[in-house]
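To be precise, the following lines are my_file19.cif, and they hold mmCIF, N, CA and C atoms.
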data_query
#
loop_
_atom_site.label_atom_id
_atom_site.label_comp_id
_atom_site.auth_asym_id
_atom_site.auth_seq_id
_atom_site.Cartn_x
_atom_site.Cartn_y
_atom_site.Cartn_z
N MET A 1 4.71 11.59 54.96
CA MET A 1 6.00 12.24 55.19
C MET A 1 6.12 12.50 56.69
N SER A 2 7.29 12.22 57.24
CA SER A 2 7.51 12.43 58.67
C SER A 2 7.53 13.92 58.99
N ARG A 3 7.34 14.23 60.28
CA ARG A 3 7.38 15.64 60.70
C ARG A 3 8.73 16.27 60.35
N HIS A 4 9.81 15.50 60.53
CA HIS A 4 11.15 16.00 60.21
C HIS A 4 11.25 16.35 58.71
N HIS A 5 10.79 15.43 57.85
CA HIS A 5 10.86 15.68 56.41
C HIS A 5 9.97 16.84 56.01
N GLU A 6 8.79 16.95 56.64
CA GLU A 6 7.89 18.06 56.34
C GLU A 6 8.52 19.40 56.73
N LEU A 7 9.13 19.46 57.91
CA LEU A 7 9.79 20.69 58.35
C LEU A 7 10.96 21.03 57.44
N LYS A 8 11.76 20.04 57.10
CA LYS A 8 12.90 20.25 56.20
C LYS A 8 12.41 20.79 54.86
N HIS A 9 11.35 20.20 54.32
CA HIS A 9 10.79 20.66 53.05
C HIS A 9 10.35 22.11 53.14
N ARG A 10 9.65 22.48 54.19
CA ARG A 10 9.16 23.86 54.34
C ARG A 10 10.30 24.85 54.48
N VAL A 11 11.30 24.52 55.29
CA VAL A 11 12.44 25.42 55.49
C VAL A 11 13.22 25.61 54.19
N VAL A 12 13.55 24.51 53.53
CA VAL A 12 14.35 24.58 52.30
C VAL A 12 13.59 25.31 51.20
N THR A 13 12.31 24.97 51.00
CA THR A 13 11.58 25.60 49.90
C THR A 13 11.30 27.08 50.17
N THR A 14 11.10 27.45 51.41
CA THR A 14 10.91 28.87 51.73
C THR A 14 12.19 29.65 51.42
N PHE A 15 13.34 29.11 51.83
CA PHE A 15 14.62 29.77 51.53
C PHE A 15 14.84 29.85 50.02
N GLN A 16 14.58 28.74 49.31
CA GLN A 16 14.78 28.75 47.86
C GLN A 16 13.88 29.77 47.18
N ARG A 17 12.61 29.78 47.55
CA ARG A 17 11.63 30.66 46.90
C ARG A 17 11.92 32.13 47.16
N ARG A 18 12.33 32.46 48.39
CA ARG A 18 12.48 33.87 48.77
C ARG A 18 13.88 34.43 48.59
N VAL A 19 14.91 33.59 48.64
CA VAL A 19 16.29 34.08 48.59
C VAL A 19 17.07 33.49 47.42
N ALA A 20 17.29 32.19 47.45
CA ALA A 20 18.20 31.56 46.49
C ALA A 20 17.71 31.66 45.05
N ASN A 21 16.46 31.29 44.78
CA ASN A 21 15.97 31.28 43.40
C ASN A 21 15.94 32.67 42.77
N PRO A 22 15.44 33.70 43.47
CA PRO A 22 15.48 35.03 42.84
C PRO A 22 16.90 35.50 42.49
N LEU A 23 17.86 35.19 43.36
CA LEU A 23 19.25 35.58 43.08
C LEU A 23 19.82 34.77 41.92
N ALA A 24 19.67 33.45 41.98
CA ALA A 24 20.24 32.58 40.94
C ALA A 24 19.61 32.84 39.59
N SER A 25 18.32 33.15 39.56
CA SER A 25 17.63 33.38 38.29
C SER A 25 18.19 34.57 37.53
N ARG A 26 18.81 35.48 38.24
CA ARG A 26 19.37 36.68 37.60
C ARG A 26 20.75 36.44 37.00
N LEU A 27 21.38 35.35 37.35
CA LEU A 27 22.70 35.04 36.79
C LEU A 27 22.53 34.60 35.34
N PRO A 28 23.26 35.22 34.41
CA PRO A 28 23.00 34.97 32.98
C PRO A 28 23.22 33.53 32.53
N PHE A 29 24.08 32.79 33.20
CA PHE A 29 24.33 31.43 32.74
C PHE A 29 23.81 30.37 33.71
N GLN A 30 22.96 30.76 34.65
CA GLN A 30 22.29 29.79 35.51
C GLN A 30 21.29 29.01 34.65
N THR A 31 21.28 27.70 34.80
CA THR A 31 20.30 26.89 34.09
C THR A 31 18.94 27.08 34.75
N LEU A 32 17.94 27.37 33.93
CA LEU A 32 16.58 27.60 34.43
C LEU A 32 15.60 26.65 33.75
N LEU A 33 14.62 26.23 34.52
CA LEU A 33 13.49 25.47 33.99
C LEU A 33 12.29 26.40 34.03
N GLU A 34 11.63 26.57 32.90
CA GLU A 34 10.42 27.40 32.86
C GLU A 34 9.21 26.49 32.63
N THR A 35 8.31 26.49 33.60
CA THR A 35 7.06 25.75 33.50
C THR A 35 5.93 26.76 33.40
N THR A 36 4.72 26.27 33.16
CA THR A 36 3.53 27.11 33.17
C THR A 36 2.80 26.84 34.47
N GLY A 37 2.51 27.90 35.23
CA GLY A 37 1.80 27.74 36.49
C GLY A 37 0.47 27.04 36.27
N ARG A 38 0.21 25.97 37.00
CA ARG A 38 -0.98 25.17 36.78
C ARG A 38 -2.26 25.90 37.14
N THR A 39 -2.19 26.91 38.01
CA THR A 39 -3.37 27.69 38.38
C THR A 39 -3.37 29.03 37.67
N SER A 40 -2.22 29.70 37.68
CA SER A 40 -2.14 31.06 37.13
C SER A 40 -2.01 31.08 35.61
N GLY A 41 -1.40 30.04 35.04
CA GLY A 41 -1.11 30.05 33.61
C GLY A 41 0.09 30.89 33.25
N LEU A 42 0.78 31.45 34.27
CA LEU A 42 1.94 32.31 34.04
C LEU A 42 3.22 31.50 34.00
N PRO A 43 4.25 32.01 33.30
CA PRO A 43 5.54 31.31 33.29
C PRO A 43 6.17 31.35 34.68
N ARG A 44 6.71 30.22 35.10
CA ARG A 44 7.39 30.09 36.39
C ARG A 44 8.80 29.57 36.13
N ARG A 45 9.80 30.31 36.60
CA ARG A 45 11.19 29.93 36.36
C ARG A 45 11.85 29.46 37.65
N THR A 46 12.54 28.33 37.53
CA THR A 46 13.20 27.72 38.67
C THR A 46 14.63 27.35 38.29
N PRO A 47 15.62 27.78 39.07
CA PRO A 47 16.99 27.34 38.81
C PRO A 47 17.10 25.82 39.05
N VAL A 48 17.74 25.14 38.15
CA VAL A 48 17.96 23.70 38.30
C VAL A 48 19.40 23.39 37.93
N GLY A 49 19.86 22.29 38.42
CA GLY A 49 21.18 21.80 38.05
C GLY A 49 21.00 20.49 37.32
N GLY A 50 21.56 20.39 36.18
CA GLY A 50 21.42 19.16 35.41
C GLY A 50 22.43 19.14 34.29
N ARG A 51 22.17 18.28 33.33
CA ARG A 51 23.13 18.14 32.22
C ARG A 51 22.38 17.78 30.96
N ARG A 52 22.80 18.43 29.87
CA ARG A 52 22.28 18.06 28.55
C ARG A 52 23.08 16.87 28.04
N VAL A 53 22.35 15.87 27.57
CA VAL A 53 22.95 14.70 26.95
C VAL A 53 22.21 14.50 25.63
N GLY A 54 22.86 14.85 24.54
CA GLY A 54 22.20 14.77 23.23
C GLY A 54 21.02 15.73 23.17
N ASP A 55 19.86 15.20 22.87
CA ASP A 55 18.65 16.02 22.77
C ASP A 55 17.80 15.96 24.03
N ALA A 56 18.41 15.63 25.15
CA ALA A 56 17.68 15.56 26.42
C ALA A 56 18.43 16.34 27.49
N PHE A 57 17.67 16.91 28.42
CA PHE A 57 18.24 17.57 29.59
C PHE A 57 17.75 16.80 30.80
N TRP A 58 18.68 16.36 31.64
CA TRP A 58 18.37 15.54 32.81
C TRP A 58 18.62 16.33 34.09
N PHE A 59 17.73 16.18 35.07
CA PHE A 59 17.96 16.75 36.39
C PHE A 59 17.16 15.93 37.41
N VAL A 60 17.44 16.19 38.69
CA VAL A 60 16.76 15.49 39.77
C VAL A 60 16.13 16.53 40.69
N SER A 61 14.82 16.36 40.93
CA SER A 61 14.10 17.23 41.86
C SER A 61 14.29 16.69 43.27
N GLU A 62 14.66 17.58 44.20
CA GLU A 62 14.93 17.11 45.56
C GLU A 62 13.67 16.76 46.35
N PHE A 63 12.51 17.28 45.95
CA PHE A 63 11.27 16.99 46.68
C PHE A 63 10.22 16.34 45.81
N GLY A 64 10.60 15.83 44.67
CA GLY A 64 9.69 15.07 43.82
C GLY A 64 8.37 15.79 43.56
N ASP A 65 7.28 15.06 43.74
CA ASP A 65 5.96 15.61 43.44
C ASP A 65 5.52 16.71 44.39
N LYS A 66 6.26 16.95 45.46
CA LYS A 66 5.95 18.09 46.34
C LYS A 66 6.51 19.40 45.79
N SER A 67 7.45 19.32 44.85
CA SER A 67 8.01 20.53 44.24
C SER A 67 6.95 21.18 43.36
N GLN A 68 6.81 22.49 43.51
CA GLN A 68 5.81 23.20 42.71
C GLN A 68 6.09 23.05 41.22
N TYR A 69 7.35 23.10 40.82
CA TYR A 69 7.64 23.00 39.40
C TYR A 69 7.33 21.61 38.86
N VAL A 70 7.46 20.57 39.68
CA VAL A 70 7.08 19.23 39.23
C VAL A 70 5.57 19.15 39.09
N ARG A 71 4.85 19.73 40.03
CA ARG A 71 3.39 19.75 39.93
C ARG A 71 2.97 20.51 38.67
N ASN A 72 3.67 21.61 38.35
CA ASN A 72 3.38 22.37 37.14
C ASN A 72 3.64 21.55 35.88
N LEU A 73 4.79 20.88 35.81
CA LEU A 73 5.10 20.15 34.59
C LEU A 73 4.27 18.89 34.45
N ARG A 74 3.75 18.37 35.54
CA ARG A 74 2.81 17.25 35.42
C ARG A 74 1.49 17.75 34.82
N ALA A 75 1.09 18.97 35.16
CA ALA A 75 -0.15 19.54 34.60
C ALA A 75 0.03 19.94 33.14
N ASP A 76 1.23 20.41 32.77
CA ASP A 76 1.53 20.81 31.40
C ASP A 76 3.01 20.53 31.16
N PRO A 77 3.32 19.44 30.47
CA PRO A 77 4.73 19.04 30.31
C PRO A 77 5.52 19.89 29.33
N ARG A 78 4.87 20.84 28.65
CA ARG A 78 5.61 21.72 27.74
C ARG A 78 6.40 22.72 28.58
N VAL A 79 7.71 22.70 28.45
CA VAL A 79 8.59 23.55 29.25
C VAL A 79 9.63 24.18 28.34
N ARG A 80 10.42 25.07 28.95
CA ARG A 80 11.63 25.59 28.31
C ARG A 80 12.75 25.43 29.33
N VAL A 81 13.96 25.19 28.81
CA VAL A 81 15.15 25.10 29.66
C VAL A 81 16.17 26.08 29.11
N ARG A 82 16.71 26.94 30.00
CA ARG A 82 17.78 27.85 29.59
C ARG A 82 19.10 27.18 29.97
N ILE A 83 19.87 26.86 28.94
CA ILE A 83 21.16 26.19 29.11
C ILE A 83 22.23 27.10 28.52
N LYS A 84 23.19 27.51 29.34
CA LYS A 84 24.27 28.39 28.90
C LYS A 84 23.73 29.63 28.20
N GLY A 85 22.66 30.19 28.74
CA GLY A 85 22.11 31.45 28.23
C GLY A 85 21.13 31.33 27.08
N THR A 86 20.90 30.12 26.56
CA THR A 86 20.00 29.93 25.42
C THR A 86 18.79 29.10 25.83
N TRP A 87 17.60 29.58 25.45
CA TRP A 87 16.35 28.88 25.78
C TRP A 87 16.08 27.78 24.76
N HIS A 88 15.64 26.61 25.28
CA HIS A 88 15.31 25.45 24.45
C HIS A 88 13.93 24.95 24.86
N PRO A 89 12.98 24.85 23.90
CA PRO A 89 11.68 24.27 24.24
C PRO A 89 11.80 22.76 24.38
N GLY A 90 10.90 22.18 25.15
CA GLY A 90 10.93 20.74 25.30
C GLY A 90 9.71 20.21 26.02
N THR A 91 9.71 18.90 26.22
CA THR A 91 8.64 18.21 26.91
C THR A 91 9.26 17.47 28.09
N ALA A 92 8.72 17.71 29.28
CA ALA A 92 9.27 17.13 30.51
C ALA A 92 8.61 15.79 30.81
N HIS A 93 9.44 14.87 31.30
CA HIS A 93 8.96 13.53 31.67
C HIS A 93 9.50 13.16 33.05
N PRO A 94 8.67 13.20 34.09
CA PRO A 94 9.10 12.67 35.39
C PRO A 94 9.30 11.16 35.25
N LEU A 95 10.39 10.65 35.82
CA LEU A 95 10.73 9.24 35.67
C LEU A 95 10.88 8.56 37.03
N PRO A 96 9.76 8.23 37.68
CA PRO A 96 9.85 7.61 39.01
C PRO A 96 10.56 6.26 39.01
N GLU A 97 10.62 5.60 37.83
CA GLU A 97 11.29 4.31 37.76
C GLU A 97 12.81 4.44 37.68
N ASP A 98 13.32 5.64 37.39
CA ASP A 98 14.76 5.87 37.31
C ASP A 98 15.33 5.99 38.72
N ASP A 99 16.56 5.54 38.92
CA ASP A 99 17.21 5.64 40.22
C ASP A 99 17.83 7.04 40.35
N PRO A 100 17.19 7.94 41.12
CA PRO A 100 17.70 9.32 41.17
C PRO A 100 19.08 9.44 41.79
N ARG A 101 19.42 8.59 42.73
CA ARG A 101 20.76 8.66 43.35
C ARG A 101 21.84 8.27 42.33
N ALA A 102 21.57 7.26 41.54
CA ALA A 102 22.50 6.88 40.48
C ALA A 102 22.57 7.99 39.43
N ARG A 103 21.43 8.59 39.11
CA ARG A 103 21.39 9.67 38.12
C ARG A 103 22.23 10.85 38.58
N LEU A 104 22.15 11.19 39.88
CA LEU A 104 22.91 12.33 40.40
C LEU A 104 24.40 12.16 40.17
N LYS A 105 24.88 10.92 40.13
CA LYS A 105 26.30 10.67 39.91
C LYS A 105 26.74 11.07 38.50
N THR A 106 25.78 11.23 37.58
CA THR A 106 26.10 11.60 36.21
C THR A 106 25.90 13.10 35.96
N LEU A 107 25.44 13.82 36.97
CA LEU A 107 25.12 15.24 36.83
C LEU A 107 26.17 16.10 37.54
N PRO A 108 26.15 17.42 37.35
CA PRO A 108 27.16 18.29 37.97
C PRO A 108 27.29 18.05 39.48
N ARG A 109 28.52 17.92 39.92
CA ARG A 109 28.84 17.48 41.27
C ARG A 109 28.27 18.36 42.38
N TYR A 110 28.44 19.68 42.31
CA TYR A 110 28.02 20.54 43.42
C TYR A 110 26.51 20.56 43.58
N ASN A 111 25.80 20.67 42.47
CA ASN A 111 24.34 20.65 42.55
C ASN A 111 23.87 19.29 43.07
N SER A 112 24.48 18.22 42.60
CA SER A 112 24.08 16.88 43.03
C SER A 112 24.28 16.70 44.53
N ALA A 113 25.37 17.24 45.05
CA ALA A 113 25.62 17.15 46.50
C ALA A 113 24.53 17.89 47.27
N ALA A 114 24.13 19.07 46.79
CA ALA A 114 23.07 19.83 47.45
C ALA A 114 21.74 19.10 47.39
N VAL A 115 21.41 18.53 46.24
CA VAL A 115 20.15 17.79 46.11
C VAL A 115 20.13 16.61 47.07
N ARG A 116 21.25 15.86 47.14
CA ARG A 116 21.32 14.72 48.07
C ARG A 116 21.18 15.19 49.51
N ALA A 117 21.82 16.30 49.86
CA ALA A 117 21.81 16.78 51.25
C ALA A 117 20.46 17.35 51.64
N LEU A 118 19.81 18.07 50.74
CA LEU A 118 18.57 18.77 51.08
C LEU A 118 17.32 17.96 50.78
N GLY A 119 17.39 17.07 49.82
CA GLY A 119 16.20 16.37 49.37
C GLY A 119 15.82 15.19 50.22
N ASN A 120 14.53 14.82 50.11
CA ASN A 120 14.08 13.62 50.81
C ASN A 120 13.05 12.84 49.99
N ASP A 121 12.78 13.25 48.78
CA ASP A 121 11.86 12.53 47.90
C ASP A 121 12.34 12.75 46.46
N LEU A 122 13.52 12.23 46.15
CA LEU A 122 14.18 12.51 44.88
C LEU A 122 13.40 11.94 43.70
N LEU A 123 13.38 12.70 42.61
CA LEU A 123 12.68 12.29 41.40
C LEU A 123 13.48 12.74 40.18
N THR A 124 13.81 11.80 39.30
CA THR A 124 14.50 12.13 38.06
C THR A 124 13.50 12.71 37.07
N VAL A 125 13.95 13.74 36.35
CA VAL A 125 13.15 14.35 35.28
C VAL A 125 14.02 14.44 34.03
N ARG A 126 13.45 14.02 32.90
CA ARG A 126 14.12 14.17 31.61
C ARG A 126 13.28 15.13 30.77
N VAL A 127 13.94 16.11 30.17
CA VAL A 127 13.26 17.03 29.25
C VAL A 127 13.77 16.69 27.85
N ASP A 128 12.86 16.25 26.99
CA ASP A 128 13.21 16.01 25.59
C ASP A 128 13.17 17.35 24.88
N LEU A 129 14.33 17.82 24.45
CA LEU A 129 14.44 19.13 23.81
C LEU A 129 13.99 19.03 22.36
N SER A 130 13.25 20.03 21.90
CA SER A 130 12.66 19.93 20.56
C SER A 130 13.28 20.91 19.56
N ASP A 131 14.44 21.47 19.87
CA ASP A 131 15.08 22.34 18.88
C ASP A 131 16.42 21.80 18.46
#
Any chance you could put this one into structure tokens?
Amino acid sequence: MSRHHELKHRVVTTFQRRVANPLASRLPFQTLLETTGRTSGLPRRTPVGGRRVGDAFWFVSEFGDKSQYVRNLRADPRVRVRIKGTWHPGTAHPLPEDDPRARLKTLPRYNSAAVRALGNDLLTVRVDLSD
């Protein structure tokens, strides 16, 4: 990763972790992804933007495998997704073969614009919902 991309990643993730995510997580209808911390074993909640299509929830991670939540779901793919205030259990599948830029065109517009603008290692994730 270039120095520019590394700096961008650190700035964006620090802001998200300390300011944006704690605020967004408190909004009752914010979509959240809950993973299990790979070291702590504790639940970790991250606001995500995506879309449910049938029995799957799709989203794109802006930093791919550098995202802590992606590292968590790779260690334990059992997750929960809160969609419109309701929690749904599921199994997460990172899809490096999927075209994340094309996928973003099918997802909510404002979040997709932010992911494109802030991200530099996009990765599509599909969560197969089990309820």
Practice task
Given the file shown, determine the residues that the PyMOL selection byres ((chain A and resi 77) around 7) selects; report them as a ChimeraX atom specification.
Solution key: /A:72-76,78-79,90-93
Handout entry: Nearest residue to Leu104 of chain A from the set A:Thr86, A:Thr39, A:Thr124, A:Ser67 (distances using only N, CA and C atoms)
Key =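 Smallest distance to Leu104 of chain A is found for A:Thr124.
Selecting by distance to (19.7, 28.1, 38.5) with a limit of 5 Å and using only N, CA and C atoms, one obtains Ala24, Gln30, Thr31, Leu32, Pro47 and Val48 of chain A.
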Practice task
Tell me which protein, DNA and RNA residues are within 6 Å of Arg44 of chain A, counting only C-alpha atoms, leaving out same-chain ones fewer than 6 positions away, and put them as JSON, numbers by chain.
Solution key: {"A": [34, 35, 36]}
Exercise for the section: Measure the distance from atom CA of Phe59 of chain A to atom CA of Gly85 of chain A in Å and round it to one decimal. Expected result: 17.3 Å
Problem - Ground truth for the PyMOL selection byres ((chain A and resi 88) around 6.5), written as an NGL selection string - result: :A and (79-83 or 86-87 or 89-90 or 129-131)
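From atom CA of Leu122 of chain A back to atom CA of Ser61 of chain A, the distance works out to 5.6 Å.
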Completion exercise
Residue with the minimum atom-to-atom distance to Glu97 of chain A, picked from A:Leu123, A:Gln68, A:Asp128, A:Leu33 with only N, CA and C atoms counted, is A:Leu123
Problem - Residue with smallest distance to Gly119 of chain A - pool A:Gly64, A:Pro94, A:Arg71, A:Arg103, counting all atoms listed in the file - result: A:Gly64
Exercise for the section: Go ahead and compute the interatomic distance for atom CA of Arg116 of chain A and atom CA of Asp99 of chain A, in Å to one decimal. Expected result: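 So the answer is 12.7 Å.
This file gives the following result for the PyMOL selection byres (((chain A and resi 58 and name CA) around 8) and name CA): A:Gly50, A:Arg51, A:Arg52, A:Val53, A:Ala56, A:Phe57, A:Phe59, A:Val60, A:Leu107, A:Thr124, A:Val125, A:Arg126, A:Val127.
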Exercise for the section: Based on DSSP run over this structure's backbone, return all residues of chain A in helix (DSSP H, G or I), as number ranges by chain. Expected result: A: 3-25, 64-66, 68-75, 100-104, 109-118
Exercise for the section: From a DSSP pass on the backbone, collect the residues of chain A flagged as strand (DSSP E or B) and hand them back as a ChimeraX atom specification. Expected result: /A:32-36,43-47,50-53,56-61,78-83,86-95,123-129
Only C-alpha atoms needed: put segment 29-102 of chain A from the block into a file as a PDB file, in the first residue's frame.
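Wrote it out as part22.pdb, contents follow:
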ATOM      1  CA  PHE A  29     -32.524   2.338  12.052  1.00  0.00           C
ATOM      2  CA  GLN A  30     -28.827   2.453  11.128  1.00  0.00           C
ATOM      3  CA  THR A  31     -27.801  -0.835   9.546  1.00  0.00           C
ATOM      4  CA  LEU A  32     -25.199  -2.540  11.734  1.00  0.00           C
ATOM      5  CA  LEU A  33     -22.912  -5.503  11.202  1.00  0.00           C
ATOM      6  CA  GLU A  34     -22.062  -7.408  14.372  1.00  0.00           C
ATOM      7  CA  THR A  35     -18.947  -9.579  14.257  1.00  0.00           C
ATOM      8  CA  THR A  36     -17.097 -11.403  17.022  1.00  0.00           C
ATOM      9  CA  GLY A  37     -13.751  -9.850  17.935  1.00  0.00           C
ATOM     10  CA  ARG A  38     -11.071 -12.280  16.781  1.00  0.00           C
ATOM     11  CA  THR A  39      -8.914 -11.615  19.866  1.00  0.00           C
ATOM     12  CA  SER A  40     -11.397 -10.483  22.511  1.00  0.00           C
ATOM     13  CA  GLY A  41     -14.315 -12.743  21.590  1.00  0.00           C
ATOM     14  CA  LEU A  42     -16.606  -9.763  22.266  1.00  0.00           C
ATOM     15  CA  PRO A  43     -19.347  -8.529  19.921  1.00  0.00           C
ATOM     16  CA  ARG A  44     -18.170  -5.693  17.661  1.00  0.00           C
ATOM     17  CA  ARG A  45     -20.733  -3.508  15.891  1.00  0.00           C
ATOM     18  CA  THR A  46     -19.974  -1.516  12.777  1.00  0.00           C
ATOM     19  CA  PRO A  47     -22.362   0.702  10.793  1.00  0.00           C
ATOM     20  CA  VAL A  48     -22.539  -0.470   7.185  1.00  0.00           C
ATOM     21  CA  GLY A  49     -24.466   0.558   4.137  1.00  0.00           C
ATOM     22  CA  GLY A  50     -25.854  -2.173   1.985  1.00  0.00           C
ATOM     23  CA  ARG A  51     -29.000  -3.787   0.725  1.00  0.00           C
ATOM     24  CA  ARG A  52     -30.964  -6.923   1.458  1.00  0.00           C
ATOM     25  CA  VAL A  53     -31.758  -8.936  -1.652  1.00  0.00           C
ATOM     26  CA  GLY A  54     -33.856 -11.982  -0.818  1.00  0.00           C
ATOM     27  CA  ASP A  55     -32.049 -13.959   1.873  1.00  0.00           C
ATOM     28  CA  ALA A  56     -28.741 -12.121   1.442  1.00  0.00           C
ATOM     29  CA  PHE A  57     -27.383  -8.787   2.619  1.00  0.00           C
ATOM     30  CA  TRP A  58     -24.758  -7.196   0.353  1.00  0.00           C
ATOM     31  CA  PHE A  59     -22.259  -4.455   1.185  1.00  0.00           C
ATOM     32  CA  VAL A  60     -18.799  -3.255   0.169  1.00  0.00           C
ATOM     33  CA  SER A  61     -15.940  -2.705   2.606  1.00  0.00           C
ATOM     34  CA  GLU A  62     -13.902   0.365   1.705  1.00  0.00           C
ATOM     35  CA  PHE A  63     -10.609  -1.069   3.023  1.00  0.00           C
ATOM     36  CA  GLY A  64     -11.084  -4.770   2.332  1.00  0.00           C
ATOM     37  CA  ASP A  65      -8.934  -7.052   4.451  1.00  0.00           C
ATOM     38  CA  LYS A  66      -7.484  -4.070   6.330  1.00  0.00           C
ATOM     39  CA  SER A  67     -10.912  -3.400   7.883  1.00  0.00           C
ATOM     40  CA  GLN A  68     -11.097  -4.775  11.403  1.00  0.00           C
ATOM     41  CA  TYR A  69     -14.603  -6.108  10.840  1.00  0.00           C
ATOM     42  CA  VAL A  70     -13.468  -7.988   7.716  1.00  0.00           C
ATOM     43  CA  ARG A  71     -10.598  -9.499   9.678  1.00  0.00           C
ATOM     44  CA  ASN A  72     -13.132 -10.488  12.366  1.00  0.00           C
ATOM     45  CA  LEU A  73     -15.569 -12.106   9.949  1.00  0.00           C
ATOM     46  CA  ARG A  74     -12.762 -13.986   8.227  1.00  0.00           C
ATOM     47  CA  ALA A  75     -11.850 -15.455  11.648  1.00  0.00           C
ATOM     48  CA  ASP A  76     -15.515 -16.237  12.451  1.00  0.00           C
ATOM     49  CA  PRO A  77     -18.040 -15.777   9.626  1.00  0.00           C
ATOM     50  CA  ARG A  78     -21.048 -16.053  11.958  1.00  0.00           C
ATOM     51  CA  VAL A  79     -22.440 -12.512  12.140  1.00  0.00           C
ATOM     52  CA  ARG A  80     -25.628 -10.589  12.780  1.00  0.00           C
ATOM     53  CA  VAL A  81     -26.975  -7.724  10.679  1.00  0.00           C
ATOM     54  CA  ARG A  82     -29.439  -5.156  12.022  1.00  0.00           C
ATOM     55  CA  ILE A  83     -31.691  -4.112   9.156  1.00  0.00           C
ATOM     56  CA  LYS A  84     -34.457  -1.567   9.815  1.00  0.00           C
ATOM     57  CA  GLY A  85     -34.160  -2.175  13.561  1.00  0.00           C
ATOM     58  CA  THR A  86     -34.336  -5.994  13.438  1.00  0.00           C
ATOM     59  CA  TRP A  87     -31.366  -8.316  14.021  1.00  0.00           C
ATOM     60  CA  HIS A  88     -30.792 -11.177  11.549  1.00  0.00           C
ATOM     61  CA  PRO A  89     -28.199 -13.938  12.074  1.00  0.00           C
ATOM     62  CA  GLY A  90     -26.133 -14.974   9.095  1.00  0.00           C
ATOM     63  CA  THR A  91     -22.875 -16.160   7.619  1.00  0.00           C
ATOM     64  CA  ALA A  92     -20.546 -13.652   5.950  1.00  0.00           C
ATOM     65  CA  HIS A  93     -18.701 -14.379   2.719  1.00  0.00           C
ATOM     66  CA  PRO A  94     -16.002 -11.989   1.442  1.00  0.00           C
ATOM     67  CA  LEU A  95     -16.121 -12.130  -2.366  1.00  0.00           C
ATOM     68  CA  PRO A  96     -12.818 -10.902  -3.850  1.00  0.00           C
ATOM     69  CA  GLU A  97     -13.907 -12.182  -7.276  1.00  0.00           C
ATOM     70  CA  ASP A  98     -16.942  -9.836  -7.300  1.00  0.00           C
ATOM     71  CA  ASP A  99     -16.524  -6.407  -8.908  1.00  0.00           C
ATOM     72  CA  PRO A 100     -17.047  -4.046  -5.930  1.00  0.00           C
ATOM     73  CA  ARG A 101     -17.455  -0.932  -8.094  1.00  0.00           C
ATOM     74  CA  ALA A 102     -20.225  -2.599 -10.091  1.00  0.00           C
TER      75      ALA A 102
END
